[in-house]
Amino acid sequence: MKKTILFFALLTVSITAFSQVKVRPGVRLGLNAANITNISDSDTKIAPNAGLFVNIHLSNFYELQVETNYSNQGASRDNNAVHFTTVDPYDPYNPYYRNYLNNDINVHYVSLAIANKFFVIPDVGLHLIVGPSIDINVSDDTFFDVTPVDFALFGGIGYEFPFGLGIEARYKQGFIDTRDDYDGDSFYVGSDGYYVETDGDYYDGDNWLNSVFQLGVYYKFNF
């Protein structure tokens with residue numbers, strides 16, 4: 001008799017718990033204010049981000065959200081700056097000048113992220129966001145070789161309306177140096193226009209890390 005009562009008690013608790021679980025797909029769209037730390041004469045670059053997600057509502061105060069995102073990151077460059085070259089910086093045939101000064105740094109990432117959403121007041125749309133992200137470099141236009149993968153953590157705040165529309169502000173910080181195979185060596189550009197390694201201090205040991213502020217909207221479908 002006791003086992004029967006215990007069984008039905010556990011069954012009731014399980015049904016109650018699973019009845020609160022809701023799985024809803026959704027879409028995200030927003031803008032990045034991106035930069036790469038420790039690059040001289042760099043500035044914030046405005047670029048888009050977008051994504052798809054599956055939201056798992058586990059309780060009134062917690063949701064787990066699995067996301068796949070596209071994010072255009074990098075930095076804007078000061079085209080009037082002159083940088084570490086022994087060649088005439090205004091020579092149009094100088095590849096260092098042409099590639100380094102005239103172009104912004106554009107890195108296109110596709111990422112897999114897990115967002116943990118904590119609702120400050122149950123059943124109210126205000127929520128905090130925190131989670132990890134693995135970003136894969138699918139394309140870039142830079143003057144240096146970019147690492148193929150970045151690991152980042154993000155956090156933020158958002159508000160969701162009862163009909164599924166929400167707005168969020170996130171900050172994402174990368175933790176892997178964006179320079180592929182960076183070994184701490186410095187370089188300058190020789191008279192022939194090619195990079196020459198040196199023991200100088202151009203690479204001063206400070207990591208070049210992705211730093212991104214994201215503002216966007218999302219919508220959760222209710223099928």
# chains A, B, ... in the order shown; residues from 1 in each chain; ligands from 1
$ residues_around --residues "Pro162 in chain A" --least-positions-apart "3" --cutoff "12 Å" --atoms "only C-alpha atoms" --output "JSON list (two decimals) with C-alpha atoms, in the first residue's frame"
[["chain", "number", "residue", "atom", "x", "y", "z"],
["A", 123, "ASP", "CA", 5.88, 35.36, -14.72],
["A", 124, "VAL", "CA", 7.31, 38.82, -15.46],
["A", 125, "GLY", "CA", 9.31, 39.37, -18.65],
["A", 126, "LEU", "CA", 12.38, 41.03, -17.11],
["A", 159, "TYR", "CA", 12.52, 41.95, -21.41],
["A", 165, "LEU", "CA", 8.46, 39.39, -28.60],
["A", 166, "GLY", "CA", 11.52, 40.38, -26.62],
["A", 219, "TYR", "CA", 10.50, 36.36, -31.26],
["A", 220, "LYS", "CA", 9.46, 33.01, -29.79],
["A", 221, "PHE", "CA", 6.89, 31.10, -31.83],
["A", 222, "ASN", "CA", 4.05, 29.35, -30.03]]
$ residues_around --residues "Arg24 in chain A" --least-positions-apart "5" --cutoff "12 Å" --atoms "only C-alpha atoms" --output "PDB file with N, CA and C atoms, in the first residue's frame"
ATOM      1  N   LEU A  52      19.027  31.705 -34.852  1.00  0.00           N
ATOM      2  CA  LEU A  52      17.883  30.848 -34.575  1.00  0.00           C
ATOM      3  C   LEU A  52      18.097  30.207 -33.212  1.00  0.00           C
ATOM      4  N   PHE A  53      17.012  29.880 -32.529  1.00  0.00           N
ATOM      5  CA  PHE A  53      17.160  29.274 -31.213  1.00  0.00           C
ATOM      6  C   PHE A  53      15.991  28.347 -30.900  1.00  0.00           C
ATOM      7  N   VAL A  54      16.250  27.491 -29.920  1.00  0.00           N
ATOM      8  CA  VAL A  54      15.197  26.662 -29.328  1.00  0.00           C
ATOM      9  C   VAL A  54      15.176  26.974 -27.843  1.00  0.00           C
ATOM     10  N   ASN A  55      14.047  27.472 -27.370  1.00  0.00           N
ATOM     11  CA  ASN A  55      13.892  27.872 -25.978  1.00  0.00           C
ATOM     12  C   ASN A  55      13.152  26.787 -25.204  1.00  0.00           C
ATOM     13  N   ILE A  56      13.733  26.387 -24.081  1.00  0.00           N
ATOM     14  CA  ILE A  56      13.124  25.363 -23.225  1.00  0.00           C
ATOM     15  C   ILE A  56      12.727  26.025 -21.909  1.00  0.00           C
ATOM     16  N   HIS A  57      11.431  26.204 -21.725  1.00  0.00           N
ATOM     17  CA  HIS A  57      10.890  26.820 -20.507  1.00  0.00           C
ATOM     18  C   HIS A  57      10.775  25.737 -19.445  1.00  0.00           C
ATOM     19  N   LEU A  58      11.636  25.800 -18.423  1.00  0.00           N
ATOM     20  CA  LEU A  58      11.670  24.766 -17.394  1.00  0.00           C
ATOM     21  C   LEU A  58      10.913  25.140 -16.138  1.00  0.00           C
ATOM     22  N   GLU A  63      14.843  29.564 -17.909  1.00  0.00           N
ATOM     23  CA  GLU A  63      14.730  28.995 -19.243  1.00  0.00           C
ATOM     24  C   GLU A  63      16.121  28.698 -19.785  1.00  0.00           C
ATOM     25  N   LEU A  64      16.229  27.585 -20.508  1.00  0.00           N
ATOM     26  CA  LEU A  64      17.469  27.212 -21.185  1.00  0.00           C
ATOM     27  C   LEU A  64      17.264  27.412 -22.679  1.00  0.00           C
ATOM     28  N   GLN A  65      18.189  28.116 -23.312  1.00  0.00           N
ATOM     29  CA  GLN A  65      18.022  28.451 -24.721  1.00  0.00           C
ATOM     30  C   GLN A  65      19.274  28.067 -25.504  1.00  0.00           C
ATOM     31  N   VAL A  66      19.114  27.163 -26.479  1.00  0.00           N
ATOM     32  CA  VAL A  66      20.200  26.740 -27.355  1.00  0.00           C
ATOM     33  C   VAL A  66      20.125  27.561 -28.637  1.00  0.00           C
ATOM     34  N   GLY A 164       5.500  36.856 -26.858  1.00  0.00           N
ATOM     35  CA  GLY A 164       6.694  36.228 -27.384  1.00  0.00           C
ATOM     36  C   GLY A 164       7.761  37.143 -27.946  1.00  0.00           C
ATOM     37  N   TYR A 219      11.905  36.773 -31.340  1.00  0.00           N
ATOM     38  CA  TYR A 219      10.495  36.359 -31.258  1.00  0.00           C
ATOM     39  C   TYR A 219      10.443  34.850 -31.060  1.00  0.00           C
ATOM     40  N   LYS A 220       9.669  34.431 -30.061  1.00  0.00           N
ATOM     41  CA  LYS A 220       9.457  33.005 -29.793  1.00  0.00           C
ATOM     42  C   LYS A 220       8.103  32.595 -30.369  1.00  0.00           C
ATOM     43  N   PHE A 221       8.122  31.586 -31.240  1.00  0.00           N
ATOM     44  CA  PHE A 221       6.891  31.097 -31.829  1.00  0.00           C
ATOM     45  C   PHE A 221       6.170  30.176 -30.836  1.00  0.00           C
ATOM     46  N   ASN A 222       4.857  30.161 -30.935  1.00  0.00           N
ATOM     47  CA  ASN A 222       4.051  29.350 -30.033  1.00  0.00           C
ATOM     48  C   ASN A 222       3.198  28.407 -30.863  1.00  0.00           C
ATOM     49  N   PHE A 223       3.842  27.313 -31.303  1.00  0.00           N
ATOM     50  CA  PHE A 223       3.128  26.345 -32.156  1.00  0.00           C
ATOM     51  C   PHE A 223       2.230  25.443 -31.311  1.00  0.00           C
TER      52      PHE A 223
END
$ atom_distance --atom1 "CA of Glu168 in chain A" --atom2 "CA of Val138 in chain A"
25.3 Å
$ atom_distance --atom1 "CA of Leu215 in chain A" --atom2 "CA of Glu67 in chain A"
15.8 Å
$ residues_around --residues "range 70-72 of chain A" --least-positions-apart "2" --cutoff "6 Å" --atoms "only C-alpha atoms" --output "list in words"
Ala47, Pro48, Asn49, Ala50, Gly51, Val107, His108, Tyr109 and Val110 of chain A
$ write_last_selection --atoms "N, CA and C atoms" --output "tab-separated table (two decimals), in the first residue's frame"
chain	number	residue	atom	x	y	z
A	47	ALA	N	27.86	46.34	-36.99
A	47	ALA	CA	27.63	45.27	-37.95
A	47	ALA	C	26.45	44.42	-37.45
A	48	PRO	N	25.87	43.58	-38.31
A	48	PRO	CA	24.68	42.83	-37.92
A	48	PRO	C	25.00	41.51	-37.21
A	49	ASN	N	23.99	41.02	-36.51
A	49	ASN	CA	24.00	39.66	-36.00
A	49	ASN	C	22.60	39.09	-36.14
A	50	ALA	N	22.48	37.79	-36.25
A	50	ALA	CA	21.19	37.13	-36.42
A	50	ALA	C	21.32	35.70	-35.94
A	51	GLY	N	20.19	35.07	-35.64
A	51	GLY	CA	20.27	33.70	-35.17
A	51	GLY	C	18.94	33.01	-35.07
A	107	VAL	N	35.41	39.98	-39.46
A	107	VAL	CA	35.45	38.54	-39.20
A	107	VAL	C	34.01	38.06	-39.07
A	108	HIS	N	33.67	37.06	-39.86
A	108	HIS	CA	32.31	36.52	-39.86
A	108	HIS	C	32.30	35.20	-39.09
A	109	TYR	N	31.53	35.17	-38.01
A	109	TYR	CA	31.46	33.99	-37.15
A	109	TYR	C	30.09	33.33	-37.24
A	110	VAL	N	30.10	32.00	-37.17
A	110	VAL	CA	28.89	31.22	-36.90
A	110	VAL	C	29.13	30.54	-35.56
$ closest_residue --among "A:Asp135, A:Asp206, A:Asp141, A:Glu160" --to "Ala75 in chain A" --atoms "only C-alpha atoms"
A:Asp141
$ atom_distance --atom1 "CA of Leu209 in chain A" --atom2 "CA of Gly30 in chain A"
21.2 Å
$ closest_residue --among "A:Ile176, A:Val149, A:Val27, A:Val130" --to "Asn207 in chain A" --atoms "only C-alpha atoms"
A:Ile176
$ residues_around --residues "Ser59 in chain A" --least-positions-apart "4" --cutoff "9 Å" --atoms "only C-alpha atoms" --output "NGL selection string"
:A and (17 or 20-21 or 63 or 122)
$ write_last_selection --atoms "N, CA, C and O atoms" --output "short mmCIF file (atom, residue, chain, number, x, y, z; two decimals), in the first residue's frame"
data_model
loop_
_atom_site.label_atom_id
_atom_site.label_comp_id
_atom_site.auth_asym_id
_atom_site.auth_seq_id
_atom_site.Cartn_x
_atom_site.Cartn_y
_atom_site.Cartn_z
N ALA A 17 5.70 18.63 -12.98
CA ALA A 17 6.94 19.26 -13.43
C ALA A 17 7.01 19.33 -14.94
O ALA A 17 7.34 20.37 -15.52
N GLN A 20 5.03 21.95 -16.96
CA GLN A 20 5.55 23.32 -17.03
C GLN A 20 6.59 23.48 -18.14
O GLN A 20 6.94 24.59 -18.49
N VAL A 21 7.12 22.38 -18.66
CA VAL A 21 8.14 22.45 -19.69
C VAL A 21 7.50 22.77 -21.03
O VAL A 21 6.58 22.08 -21.48
N GLU A 63 14.84 29.56 -17.91
CA GLU A 63 14.73 28.99 -19.24
C GLU A 63 16.12 28.70 -19.79
O GLU A 63 17.07 29.46 -19.56
N PRO A 122 9.08 35.87 -11.13
CA PRO A 122 8.36 34.84 -11.89
C PRO A 122 7.16 35.42 -12.63
O PRO A 122 6.42 36.25 -12.09
#
